[in-house]
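Down below is the structure, laid out as structure tokens.
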Amino acid sequence: MFKAIICVILAWLQSITFSIFTSEEVQTVGVNKYEKHQTFENFGTSSAWWSQTIDSEETAREIARLLYDDETGLGLDVYRYNIGGGEKENPNTRIGDHNRRTESFYVLNEETGEYEYDFTRDANARRMLDMAVEYGAKEVILFCNSPHFSMTASGHASGGLTDYASNLPKENYHAFVDYVLTIADWFVAQGYPVSAISPINEPQWSWGGAWVGQEGCHYSADETVEVLELFATEMQKRNSPYKLSGPESGQLSPEYYEYIDKFFASEILNGFCDTYSGHSYWIDNKHWIKADIGKKFAEQYPDKKLEMSEWCELPLTIDSTTIDSGLYMANIIIQDFNLMNAVSWQSWTAVNGDGLMEIKDGELVVYNRYYAYKHFSGFIKPGMTRISVLDSFEGNSKIVSTAFTDGEETVLVLINNEETSQNISFYGCYDSMEIYLTDCEHDCKQIHSGNFFRETNLTPKSIMTVILK
């Protein structure tokens with residue numbers, strides 16, 4: 001207790017001293033453990049559009065290690081498995097990209113003319129899931145971009161034949177619920193750690209019309225609520241051991257707040273769901289929009305949580321092999337934590353040109369975004385609480401930070417977006433520290449482990465994670 005009091009006094013005196021006497025060449029940073037925000041839940045990524053293409057068991061194992069191993073990989077928590085709409089089997093598919101045509105467990109028996117379940121299908125994707133769990137994935141979220149094509153109005157899982165038309169007829173709502181829950185229950189019975197199902201994805205987009213690029217289904221806000229209410233009701237009847245996640249809103253800006261408000265206005269969903277799921281697309285670096293969504297939840301839904309369940313750079317403009325791509329992603333993660341108070345963060349496709357790695361000419365290439373992600377996922381663990389950062393960065397938007405603690409150790413992530421280095425001075429009382437750095441020469445490399453020291457150098461265009469104990 002005496003040490004804690006002394007540390008608080010010293011930190012306070014030091015902050016005053018720095019604010020008055022410190023030269024502009026030194027930036028000060030510390031944390032306020034007593035100003036607490038959201039409790040962190042998980043990091044994750046999606047297996048959609050790539051896992052089914054991995055024919056090599058050796059490659060699949062290496063990808064799983066890189067993503068989920070706590071010691072040598074990212075240590076991710078969540079594996080998002082896509083329950084496909086079956087466009088690979090659809091003879092009339094409109095999707096040109098074969099990787100976006102999914103293989104379904106729901107198949108037509110040519111002899112009986114009835115659809116049946118065949119869980120031997122999607123073998124490569126299931127093997128990838130097996131290896132992810134083997135290497136440490138603690139949660140599996142089963143998500144749909146569309147109902148199975150046989151249930152849709154257009155006969156396609158890629159949307160309706162006109163823009164902004166729901167592709168799921170009301171008479172098929174119950175069939176869709178049974179379809180998803182049957183598949184989820186099978187995965188649970190096999191021992192997979194299914195934590196949630198997510199049957200609707202980006203409902204506000206038009207999905208369909210003259211051009212299609214992937215599986216998707218439009219729902220109005222009212223239709224979204226009606227479908228999800230049926231899921232919640234049936235899950236209660238079945239005593240399902242997993243949560244209902246949704247609606248994976250494609251954009252969290254004010255023009256789509258109707259989806260949030262009607263979601264929680266539903267007595268059924270408000271009582272059944274404690275979290276709203278959304279994607280951080282189209283609002284990159286728009287701090288005012290992200291701050292507004294954070295404020296909305298804090299004021300209107302203080303007992304609810306916001307999870308960020310999908311992000312990649314859209315459109316992809318930054319060379320994935322450069323430090324700039326990693327910096328861009330790291331900035332988005334911090335914005336989503338600090339401004340939106342997101343309790344979880346999950347990237348879109350793990351293995352793709354806009355993902356964390358890619359297979360090029362038969363070789364697995366790890367991108368800079370992977371190492372940027374590791375600065376967070378490798379150190380910020382479920383159960384940690386975000387705390388406020390005290391710094392002298394005011395007016396310098398090129399240096400950003402976030403911090404989490406479990407009470408024993410504090411994880412501080414710093415980003416220097418500047419072309420020049422920054423001298424950093426830490427304040428507070430600690431016994432030891434570890435420092436990890438990504439820049440033009442380092443890939444989340446440990447550069448210090450030992451006694452606590454006050455000053456370090458944040459190199460140009462870099463990400464630094466500091467573990468304080």
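Letters A, B, ... go to the chains of the structure tokens in the order shown; residues in each chain start at 1; ligands are counted from 1 in the same order.
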* Would you return as a ChimeraX atom specification the members of region 129-236 of chain A that DSSP assigns to helix (DSSP H, G or I) on this structure's backbone? => /A:129-134,149-151,170-189,221-236
For Glu307 (chain A), work out the shell of residues within 8 Å, counting only C-alpha atoms and skipping chain neighbours fewer than 3 positions away, then give it as a ChimeraX atom specification. /A:275-278,342-345
Pull N, CA and C atoms from the residues just selected and write them as a tab-separated table (two decimals), in the first residue's frame.
```tsv
chain	number	residue	atom	x	y	z
A	275	THR	N	-24.87	-8.01	-26.59
A	275	THR	CA	-23.85	-7.42	-27.46
A	275	THR	C	-24.44	-7.10	-28.83
A	276	TYR	N	-23.99	-6.00	-29.41
A	276	TYR	CA	-24.33	-5.65	-30.79
A	276	TYR	C	-23.07	-5.81	-31.62
A	277	SER	N	-23.20	-6.52	-32.73
A	277	SER	CA	-22.04	-6.81	-33.58
A	277	SER	C	-22.05	-5.94	-34.82
A	278	GLY	N	-20.92	-5.31	-35.11
A	278	GLY	CA	-20.81	-4.46	-36.29
A	278	GLY	C	-19.44	-4.54	-36.92
A	342	ALA	N	-14.99	-0.86	-28.26
A	342	ALA	CA	-15.22	-2.23	-28.71
A	342	ALA	C	-14.64	-3.22	-27.70
A	343	VAL	N	-15.39	-4.29	-27.42
A	343	VAL	CA	-14.91	-5.29	-26.47
A	343	VAL	C	-14.17	-6.42	-27.16
A	344	SER	N	-14.27	-6.48	-28.49
A	344	SER	CA	-13.53	-7.49	-29.25
A	344	SER	C	-13.19	-6.91	-30.61
A	345	TRP	N	-12.24	-7.56	-31.29
A	345	TRP	CA	-11.82	-7.05	-32.60
A	345	TRP	C	-11.39	-8.24	-33.45
```
_Between CA of Ser104 (chain A) and CA of His148 (chain A), what distance in Å does the model show, to one decimal?_
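CA of His148 (chain A) lies at a distance of 7.9 Å from CA of Ser104 (chain A).
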- Message: Give me, as a list in words, all polymer residues having an atom no more than 8 Å from region 119-127 of chain A, counting only C-alpha atoms and skipping those fewer than 5 positions away in the same chain.
- Response: Ser47, Ser51, Gln52, Thr53, Ile54, Asp55, Ala60, Glu103, Ser104 and Phe105 of chain A
Any chance you could export the current selection's N, CA and C atoms as a PDB file, in the first residue's frame?
```pdb
ATOM      1  N   SER A  47     -12.316 -17.336 -41.633  1.00  0.00           N
ATOM      2  CA  SER A  47     -11.806 -18.371 -42.544  1.00  0.00           C
ATOM      3  C   SER A  47     -12.462 -18.310 -43.915  1.00  0.00           C
ATOM      4  N   SER A  51     -10.047 -20.766 -46.645  1.00  0.00           N
ATOM      5  CA  SER A  51      -9.742 -22.028 -45.958  1.00  0.00           C
ATOM      6  C   SER A  51     -10.065 -23.244 -46.815  1.00  0.00           C
ATOM      7  N   GLN A  52     -11.087 -23.134 -47.660  1.00  0.00           N
ATOM      8  CA  GLN A  52     -11.472 -24.267 -48.506  1.00  0.00           C
ATOM      9  C   GLN A  52     -10.481 -24.496 -49.642  1.00  0.00           C
ATOM     10  N   THR A  53      -9.580 -23.533 -49.873  1.00  0.00           N
ATOM     11  CA  THR A  53      -8.610 -23.654 -50.967  1.00  0.00           C
ATOM     12  C   THR A  53      -7.291 -24.273 -50.513  1.00  0.00           C
ATOM     13  N   ILE A  54      -7.113 -24.479 -49.210  1.00  0.00           N
ATOM     14  CA  ILE A  54      -5.843 -24.995 -48.686  1.00  0.00           C
ATOM     15  C   ILE A  54      -5.833 -26.514 -48.793  1.00  0.00           C
ATOM     16  N   ASP A  55      -5.210 -27.021 -49.843  1.00  0.00           N
ATOM     17  CA  ASP A  55      -5.163 -28.467 -50.071  1.00  0.00           C
ATOM     18  C   ASP A  55      -4.062 -29.148 -49.271  1.00  0.00           C
ATOM     19  N   ALA A  60      -1.786 -25.835 -44.115  1.00  0.00           N
ATOM     20  CA  ALA A  60      -2.882 -25.575 -43.181  1.00  0.00           C
ATOM     21  C   ALA A  60      -2.375 -25.524 -41.748  1.00  0.00           C
ATOM     22  N   GLU A 103     -19.140 -24.112 -50.370  1.00  0.00           N
ATOM     23  CA  GLU A 103     -19.649 -25.481 -50.373  1.00  0.00           C
ATOM     24  C   GLU A 103     -20.517 -25.659 -49.133  1.00  0.00           C
ATOM     25  N   SER A 104     -21.709 -26.185 -49.308  1.00  0.00           N
ATOM     26  CA  SER A 104     -22.671 -26.272 -48.213  1.00  0.00           C
ATOM     27  C   SER A 104     -22.810 -27.690 -47.675  1.00  0.00           C
ATOM     28  N   PHE A 105     -23.216 -27.780 -46.410  1.00  0.00           N
ATOM     29  CA  PHE A 105     -23.555 -29.072 -45.806  1.00  0.00           C
ATOM     30  C   PHE A 105     -24.967 -29.511 -46.202  1.00  0.00           C
TER      31      PHE A 105
END
```
Please provide as a compact mmCIF listing (two decimals) with C-alpha atoms, in the first residue's frame all residues within 12 Å of region 222-229 of chain A, with the sequence filter that same-chain residues fewer than 3 positions apart are discarded (counting only C-alpha atoms).
```
# COMPACT_ATOMS: atom_id res chain seq x y z
CA PRO A 147 -29.39 -18.37 -46.31
CA ALA A 165 -34.90 -6.57 -51.77
CA SER A 166 -34.85 -9.15 -49.00
CA ASN A 167 -33.97 -12.47 -50.58
CA LEU A 168 -35.45 -14.62 -47.80
CA PRO A 169 -39.23 -15.10 -48.13
CA LYS A 170 -41.09 -14.95 -44.83
CA GLU A 171 -42.41 -18.47 -45.35
CA ASN A 172 -38.78 -19.68 -45.20
CA TYR A 173 -37.79 -17.86 -41.99
CA HIS A 174 -38.36 -20.94 -39.82
CA ALA A 175 -36.54 -23.20 -42.29
CA PHE A 176 -33.53 -20.87 -42.17
CA VAL A 177 -33.54 -20.94 -38.37
CA ASP A 178 -33.64 -24.73 -38.30
CA VAL A 180 -28.43 -22.81 -39.01
CA ILE A 197 -23.95 -18.14 -34.26
CA SER A 198 -24.33 -15.13 -36.54
CA PRO A 199 -27.04 -15.75 -39.16
CA ILE A 200 -27.19 -12.23 -40.67
CA ASN A 201 -24.28 -10.30 -42.14
CA GLU A 202 -24.27 -6.66 -43.29
CA PRO A 203 -28.05 -6.51 -43.80
CA GLN A 204 -28.20 -2.87 -44.92
CA CYS A 217 -28.70 -11.01 -48.28
CA HIS A 218 -30.41 -7.67 -47.68
CA TYR A 219 -32.76 -7.21 -44.74
CA ALA A 232 -33.60 -16.22 -30.12
CA THR A 233 -36.95 -17.88 -29.43
CA GLU A 234 -35.90 -21.21 -30.93
CA MET A 235 -32.53 -21.13 -29.18
CA GLN A 236 -34.32 -20.66 -25.86
CA LYS A 243 -25.03 -17.07 -28.04
CA LEU A 244 -26.83 -15.24 -30.82
CA SER A 245 -24.57 -12.66 -32.45
CA GLY A 246 -25.80 -9.98 -34.79
CA PRO A 247 -26.59 -8.30 -36.98
CA GLU A 248 -23.00 -7.65 -38.12
CA SER A 249 -23.89 -4.19 -39.38
CA GLU A 258 -31.99 2.41 -37.06
CA TYR A 259 -30.62 -1.13 -37.03
CA ILE A 260 -29.16 -0.65 -33.55
CA ASP A 261 -32.22 1.05 -32.09
CA LYS A 262 -34.72 -1.48 -33.44
CA PHE A 263 -32.46 -4.35 -32.37
CA PHE A 264 -32.51 -3.24 -28.73
CA ALA A 265 -36.12 -2.01 -28.89
CA SER A 266 -37.09 -5.65 -29.36
CA GLU A 267 -38.03 -7.07 -25.97
CA ILE A 268 -36.89 -10.51 -27.11
CA LEU A 269 -33.48 -9.43 -28.44
CA ASN A 270 -32.86 -6.94 -25.66
CA GLY A 271 -33.35 -9.71 -23.14
CA PHE A 272 -31.46 -12.37 -25.09
CA CYS A 273 -28.46 -10.45 -26.48
```
Residue nearest Ile332 (chain A) among A:Val26, A:Met308, A:Ala196, A:Ala48 (counting only C-alpha atoms) |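 Checking each of A:Val26, A:Met308, A:Ala196, A:Ala48 against Ile332 (chain A), counting only C-alpha atoms, the winner is A:Met308.
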re CA of Asn417 (chain A) and CA of Asp77 (chain A): distance 28.0 Å
| task | List the neighbours of Ile447 (chain A) out to 12 Å using only C-alpha atoms; skip same-chain residues closer than 6 positions along the sequence, and give me the result as a PyMOL selection string. | result | chain A and resi 433-439+441+456-458+464-467
Between A:Ser320, A:Glu110, A:Glu139, A:Trp207, smallest distance to Ser154 (chain A) by only C-alpha atoms belongs to A:Trp207
Inset, instruction - Would you kindly return, as a PyMOL selection string, each protein, DNA or RNA residue with an atom no farther than 10 Å from any atom of Asn338 (chain A), considering only C-alpha atoms and excluding same-chain residues fewer than 5 positions away? - result: chain A and resi 37-38+287+290-291+294+332-333+386-388+401-403
Write the selection just made, keeping N, CA and C atoms, as an mmCIF file, in the first residue's frame?
```
data_model
loop_
_atom_site.group_PDB
_atom_site.id
_atom_site.type_symbol
_atom_site.label_atom_id
_atom_site.label_comp_id
_atom_site.auth_asym_id
_atom_site.auth_seq_id
_atom_site.Cartn_x
_atom_site.Cartn_y
_atom_site.Cartn_z
ATOM 1 N N HIS A 37 -12.364 1.481 -18.458
ATOM 2 C CA HIS A 37 -13.331 1.488 -19.551
ATOM 3 C C HIS A 37 -13.825 0.056 -19.779
ATOM 4 N N GLN A 38 -13.894 -0.396 -21.028
ATOM 5 C CA GLN A 38 -14.476 -1.706 -21.324
ATOM 6 C C GLN A 38 -13.543 -2.851 -20.941
ATOM 7 N N HIS A 287 -12.766 9.894 -36.806
ATOM 8 C CA HIS A 287 -12.822 9.820 -35.354
ATOM 9 C C HIS A 287 -14.167 10.274 -34.798
ATOM 10 N N LYS A 290 -16.739 7.441 -34.979
ATOM 11 C CA LYS A 290 -16.464 6.389 -34.002
ATOM 12 C C LYS A 290 -16.737 6.875 -32.578
ATOM 13 N N ALA A 291 -16.400 8.126 -32.303
ATOM 14 C CA ALA A 291 -16.685 8.680 -30.975
ATOM 15 C C ALA A 291 -18.190 8.750 -30.736
ATOM 16 N N GLY A 294 -19.504 5.319 -29.834
ATOM 17 C CA GLY A 294 -19.125 5.031 -28.457
ATOM 18 C C GLY A 294 -20.005 5.765 -27.464
ATOM 19 N N ILE A 332 -6.487 1.696 -36.794
ATOM 20 C CA ILE A 332 -7.913 1.370 -36.762
ATOM 21 C C ILE A 332 -8.260 0.620 -35.479
ATOM 22 N N ILE A 333 -7.401 -0.322 -35.085
ATOM 23 C CA ILE A 333 -7.657 -1.083 -33.858
ATOM 24 C C ILE A 333 -7.735 -0.146 -32.656
ATOM 25 N N ARG A 386 -9.530 -1.967 -20.370
ATOM 26 C CA ARG A 386 -8.870 -0.784 -20.940
ATOM 27 C C ARG A 386 -8.853 0.329 -19.904
ATOM 28 N N ILE A 387 -7.717 0.986 -19.793
ATOM 29 C CA ILE A 387 -7.550 2.095 -18.863
ATOM 30 C C ILE A 387 -7.060 3.314 -19.630
ATOM 31 N N SER A 388 -7.220 4.465 -19.035
ATOM 32 C CA SER A 388 -6.854 5.706 -19.718
ATOM 33 C C SER A 388 -5.343 5.873 -19.783
ATOM 34 N N SER A 401 -2.126 5.906 -28.811
ATOM 35 C CA SER A 401 -1.839 4.867 -27.823
ATOM 36 C C SER A 401 -3.117 4.299 -27.237
ATOM 37 N N THR A 402 -2.997 3.121 -26.655
ATOM 38 C CA THR A 402 -4.064 2.514 -25.868
ATOM 39 C C THR A 402 -3.418 1.641 -24.812
ATOM 40 N N ALA A 403 -4.150 1.349 -23.743
ATOM 41 C CA ALA A 403 -3.575 0.562 -22.649
ATOM 42 C C ALA A 403 -4.638 -0.328 -22.021
#
```
_Report as a count of residues only all protein, DNA and RNA residues lying within 8 Å of Cys312 (chain A), evaluated on only C-alpha atoms, omitting residues in the same chain fewer than 3 positions from it._
7
Here CA of Asp303 (chain A) and CA of Gln251 (chain A) stand apart by 21.7 Å
inquiry  = I need the residues in region 73-226 of chain A that are strand (DSSP E) according to DSSP; give them as a ChimeraX atom specification.
reply    = /A:78-82,106-108,115-117,139-143,194-198
Create the file for the chosen residues now, containing N, CA and C atoms and written as a short mmCIF file (atom, residue, chain, number, x, y, z; two decimals), in the first residue's frame.
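Written output follows (out_34.cif):
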```cif
data_model
loop_
_atom_site.label_atom_id
_atom_site.label_comp_id
_atom_site.auth_asym_id
_atom_site.auth_seq_id
_atom_site.Cartn_x
_atom_site.Cartn_y
_atom_site.Cartn_z
N VAL A 78 -10.58 -16.29 -31.43
CA VAL A 78 -11.80 -16.64 -32.16
C VAL A 78 -11.51 -17.07 -33.59
N TYR A 79 -12.18 -18.15 -34.01
CA TYR A 79 -12.14 -18.61 -35.40
C TYR A 79 -13.54 -18.47 -35.96
N ARG A 80 -13.70 -17.63 -36.97
CA ARG A 80 -15.01 -17.41 -37.59
C ARG A 80 -15.15 -18.34 -38.80
N TYR A 81 -16.07 -19.29 -38.66
CA TYR A 81 -16.30 -20.29 -39.71
C TYR A 81 -17.55 -19.91 -40.50
N ASN A 82 -17.41 -19.86 -41.81
CA ASN A 82 -18.50 -19.45 -42.69
C ASN A 82 -19.41 -20.63 -43.04
N TYR A 106 -25.70 -28.61 -46.83
CA TYR A 106 -27.11 -28.84 -47.17
C TYR A 106 -27.18 -29.15 -48.66
N VAL A 107 -27.40 -30.41 -49.00
CA VAL A 107 -27.27 -30.84 -50.40
C VAL A 107 -28.53 -31.57 -50.88
N LEU A 108 -28.75 -31.47 -52.17
CA LEU A 108 -29.93 -32.09 -52.78
C LEU A 108 -29.68 -33.57 -53.04
N TYR A 115 -33.64 -32.04 -49.75
CA TYR A 115 -32.34 -31.61 -49.25
C TYR A 115 -32.00 -32.35 -47.96
N GLU A 116 -30.74 -32.75 -47.84
CA GLU A 116 -30.25 -33.48 -46.68
C GLU A 116 -28.94 -32.85 -46.21
N TYR A 117 -28.53 -33.21 -44.99
CA TYR A 117 -27.27 -32.71 -44.45
C TYR A 117 -26.17 -33.73 -44.68
N GLU A 139 -12.69 -20.10 -29.21
CA GLU A 139 -14.09 -19.89 -29.57
C GLU A 139 -14.26 -20.06 -31.08
N VAL A 140 -15.39 -20.63 -31.46
CA VAL A 140 -15.76 -20.73 -32.87
C VAL A 140 -17.09 -20.00 -33.05
N ILE A 141 -17.10 -19.05 -33.97
CA ILE A 141 -18.34 -18.35 -34.32
C ILE A 141 -18.75 -18.80 -35.71
N LEU A 142 -19.95 -19.33 -35.84
CA LEU A 142 -20.48 -19.79 -37.12
C LEU A 142 -21.32 -18.68 -37.72
N PHE A 143 -20.92 -18.18 -38.89
CA PHE A 143 -21.64 -17.05 -39.47
C PHE A 143 -22.09 -17.34 -40.89
N VAL A 194 -18.10 -23.91 -29.93
CA VAL A 194 -18.96 -22.92 -30.58
C VAL A 194 -19.48 -21.95 -29.53
N SER A 195 -19.12 -20.69 -29.66
CA SER A 195 -19.55 -19.68 -28.68
C SER A 195 -20.73 -18.86 -29.17
N ALA A 196 -20.93 -18.80 -30.49
CA ALA A 196 -22.01 -17.98 -31.03
C ALA A 196 -22.33 -18.38 -32.46
N ILE A 197 -23.57 -18.07 -32.86
CA ILE A 197 -23.95 -18.14 -34.26
C ILE A 197 -24.29 -16.73 -34.71
N SER A 198 -24.04 -16.45 -35.98
CA SER A 198 -24.33 -15.13 -36.54
C SER A 198 -25.00 -15.32 -37.89
#
```
One residue among A:Glu58, A:Gly378, A:Asn285, A:Ala350 is nearest to Val366 (chain A) when using only C-alpha atoms, and that residue is A:Ala350
